[in-house]
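Colleague: Structure in structure tokens, see below.
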Amino acid sequence: MDDTKGDEEKGGAATDRRTLLRTAGLAGAAGAAFAGAMHGKFSLAPITAAQAQTAAMPKGVDKPWWPSKWGKDDEAGASNHITPQKVLDAVKWIKDGKIYKIGRVYEQGMPLFGARAFSLRIPGGPTGGPFGDNKLVYHDEFLATEIGQTGTQFDGLGHIGIQMGKDGDKSEMRFYNGFSAAEIGDAYGLKKLGTEKLKPLFTRAHLIDMVALKGGMMDAGQEITSADIKAALAKQSIAEGDIKPGDAIMFHTGWGSLWMKNNDRFNSGEPGIGLDAAKWIIEKDLALTAADTWAVEVVPNPDKSLAFVVHAELQTKHGILNHENLIFDELIADKKYQFVYCFTPAPIKGATGSNGCPIAIT
């Protein structure tokens, strides 16, 4: 769809997500190097020889982040928080047994990142049959898509890395726990950090209603800070001490109201958490972040030289997982801000992320 009226009324044409990455690339070599490693399909500004000398230590990286606190060979990251004790503690939060679907419908025309695609086909007719005297017929579907990176998408730990050495040196493109692109990369699926290595998630979740705090839908580039989180918790009568290690934190920004209504504006950027909130999340030792946006973090970053730096800070450095493009409308309407979040990443060997429908249980 081509619905740019809302953007033009603001005085500028709609901007796609690729343009945001190019902007980051022009603003700083560190942003360009990271974005290039993250999305090799994008054409970013080349770095100079002088910039290349400093590329070995990207902006915001002052030391290696590995080995993980869960061990040098760990591939499960923060899903390790989900122990039997954690599950039993989460169950205590279920009071009325109501289940909310918080995943989007996967469909043609939904907002997609860059050149990603989603195409479902059912060949004409039933696919097969009739069989037997009972004349059974059936349908199959053929789906062509980036299975873990479209629609409601869950980021696995092989999705985001940081270029630590010279541009293009896969031995220094480092991911969670220090695994390099050279050792995990394969044309037929990641050899390490695939989503099949993650544990099922069943944990307490806390929904931060930024729309209520701000008095309306947030705008692209508007950052959620740790102060905002604390203010929203107070407004929702949730004690900060209620948030325990291994919990999930989720953000309702209102940006999801643009879904399938103004995809161009939805793709043009987004409100979300920045590095200040990321530091709070790390200190709380949480298992997962989520939002009604396509990246959870603020885009563009207030520091225009940075590209998706919160992804790198949380996922790459700390193994904290991420769920994007969720929908919280029913939870917000029922004022259910604390619930059990339940999701099992699709066990696709070597996948970078997962599709699927997470649920909230109250």
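Naming scheme: A, B, ... for chains in displayed order of the structure tokens; residues 1 onward per chain; ligands 1 onward as shown.
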Quick check for you: according to DSSP on this backbone, which residues of region 70-195 of chain A are classed as alpha helix (DSSP H)? Reply as a list in words.
Modeller: Pro84, Gln85, Lys86, Val87, Leu88, Asp89, Ala90, Val91, Ala181, Ala182, Glu183 and Ile184 of chain A
Colleague: Within 7 Å of Ala360 (chain A), counting only C-alpha atoms, which residues show up once you throw out same-chain ones fewer than 6 positions away? Write them as a list in words, please.
Modeller: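 Those residues are Ile99, Tyr100, Lys101, Ile102, Phe339, Val340, Tyr341 and Cys342 of chain A.
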Colleague: Pull C-alpha atoms from the residues just selected and write them as a PDB file, in the first residue's frame.
Modeller:
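The result, written out as selection01.pdb:
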```pdb
ATOM      1  CA  ILE A  99      -5.556 -16.093  27.453  1.00  0.00           C
ATOM      2  CA  TYR A 100      -4.725 -13.208  25.111  1.00  0.00           C
ATOM      3  CA  LYS A 101      -3.176 -13.683  21.675  1.00  0.00           C
ATOM      4  CA  ILE A 102      -0.553 -10.941  21.370  1.00  0.00           C
ATOM      5  CA  PHE A 339       0.721 -11.490  33.166  1.00  0.00           C
ATOM      6  CA  VAL A 340       2.507 -14.670  32.136  1.00  0.00           C
ATOM      7  CA  TYR A 341       4.192 -14.510  28.735  1.00  0.00           C
ATOM      8  CA  CYS A 342       4.401 -17.836  26.938  1.00  0.00           C
TER       9      CYS A 342
END
```
Colleague: Which is closer to Ile147 (chain A) than all the others in A:Thr362, A:Thr352, A:Leu286, A:Phe131, using only C-alpha atoms?
Modeller: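 Result for the nearest residue to Ile147 (chain A): A:Thr352.
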Colleague: Dump as CSV the rows for residues of region 132-246 of chain A within 10 Å of region 58-64 of chain A: closest atom pair and distance in Å with one decimal, only C-alpha atoms counted, ordered by chain and rising residue number.
Modeller:
```
residue,atom,partner,partner_atom,distance
A:Ile162,CA,A:Pro58,CA,8.0
A:Gln163,CA,A:Pro58,CA,7.4
A:Met164,CA,A:Pro58,CA,6.4
A:Gly165,CA,A:Pro58,CA,8.7
A:Arg174,CA,A:Pro64,CA,9.3
A:Asn177,CA,A:Pro64,CA,9.3
A:Gly178,CA,A:Pro64,CA,7.7
```
Colleague: For region 313-326 of chain A, list every protein, DNA or RNA residue within 7 Å, evaluated using only C-alpha atoms, and leave out those in the same chain fewer than 5 positions away; present the list as an MDAnalysis selection string.
Modeller: chainID A and resid 65 77:78 102:104 151:157 160:161 175:176 278 286:296
Colleague: CA of Thr83 (chain A) and CA of Asp242 (chain A) are how many Å apart?
Modeller: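 So the answer is 18.5 Å.
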Colleague: Contacts of Glu146 (chain A) at 9 Å or less, counting only C-alpha atoms, minus same-chain residues fewer than 5 places along, as a tab-separated table (two decimals) with C-alpha atoms, in the first residue's frame?
Modeller:
```tsv
chain	number	residue	atom	x	y	z
A	116	ARG	CA	12.01	-8.84	2.95
A	117	ALA	CA	9.08	-10.70	1.43
A	118	PHE	CA	6.02	-12.67	2.49
A	353	GLY	CA	14.54	-15.84	14.43
```
Colleague: Nearest residue to Gln85 (chain A) out of A:Tyr138, A:Phe202, A:Trp70, A:Trp255, using only C-alpha atoms?
Modeller: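 For Gln85 (chain A), the nearest of the given residues is A:Phe202.
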Colleague: Taking the chain letters and numbering used in this document, name the residues of region 260-303 of chain A that DSSP puts in strand (DSSP E or B), as number ranges by chain.
Modeller: A: 270, 272-273, 288-291, 297, 299
Colleague: Write the residues of the selection above to a file with N, CA and C atoms, as a compact mmCIF listing (two decimals), in the first residue's frame.
Modeller:
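Writing the result to selection.txt gives the following:
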```txt
# COMPACT_ATOMS: atom_id res chain seq x y z
N GLU A 270 10.44 4.75 14.50
CA GLU A 270 9.56 4.30 15.57
C GLU A 270 10.02 4.86 16.92
N GLY A 272 10.80 4.08 20.92
CA GLY A 272 11.30 2.87 21.57
C GLY A 272 12.37 3.16 22.60
N ILE A 273 12.88 2.10 23.17
CA ILE A 273 13.89 2.24 24.22
C ILE A 273 15.25 2.60 23.63
N LEU A 288 13.74 -10.82 28.44
CA LEU A 288 13.20 -10.47 27.14
C LEU A 288 12.63 -9.05 27.14
N THR A 289 12.77 -8.39 25.99
CA THR A 289 12.10 -7.12 25.72
C THR A 289 11.11 -7.34 24.57
N ALA A 290 10.06 -6.52 24.53
CA ALA A 290 9.07 -6.65 23.47
C ALA A 290 8.33 -5.32 23.33
N ALA A 291 7.68 -5.14 22.18
CA ALA A 291 6.93 -3.90 21.94
C ALA A 291 5.98 -4.08 20.77
N GLU A 297 13.47 -0.86 19.84
CA GLU A 297 14.29 0.30 20.20
C GLU A 297 13.94 1.53 19.37
N VAL A 299 14.07 4.46 16.80
CA VAL A 299 14.62 4.62 15.46
C VAL A 299 14.06 5.90 14.84
```
Colleague: Figure out the distance between CA of Lys235 (chain A) and CA of Ile94 (chain A), please, to one decimal in Å.
Modeller: 22.2 Å
Colleague: Nearest residue to Asn355 (chain A) out of A:Asn267, A:Ser305, A:Ser226, A:Thr150, using only C-alpha atoms?
Modeller: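 The shortest atom-to-atom distance to Asn355 (chain A) comes from A:Thr150.
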Colleague: With distances taken over only C-alpha atoms, which residue among A:Asp73, A:Pro111, A:Ser237, A:Gly356 lies nearest Asn263 (chain A)?
Modeller: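 Distance minimum relative to Asn263 (chain A) lands on A:Pro111.
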Colleague: Neighbouring residues of Gly185 (chain A) were defined as those with any atom within 12 Å, considering only C-alpha atoms; residues of the same chain fewer than 5 positions away were excluded. Please report them as a count of residues only.
Modeller: 18
Colleague: Would you please work out which residue, of A:Asp186, A:Asp303, A:Asp209, A:Glu283, is nearest to Asp228 (chain A) when using only C-alpha atoms?
Modeller: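 The closest residue to Asp228 (chain A) is A:Asp209.
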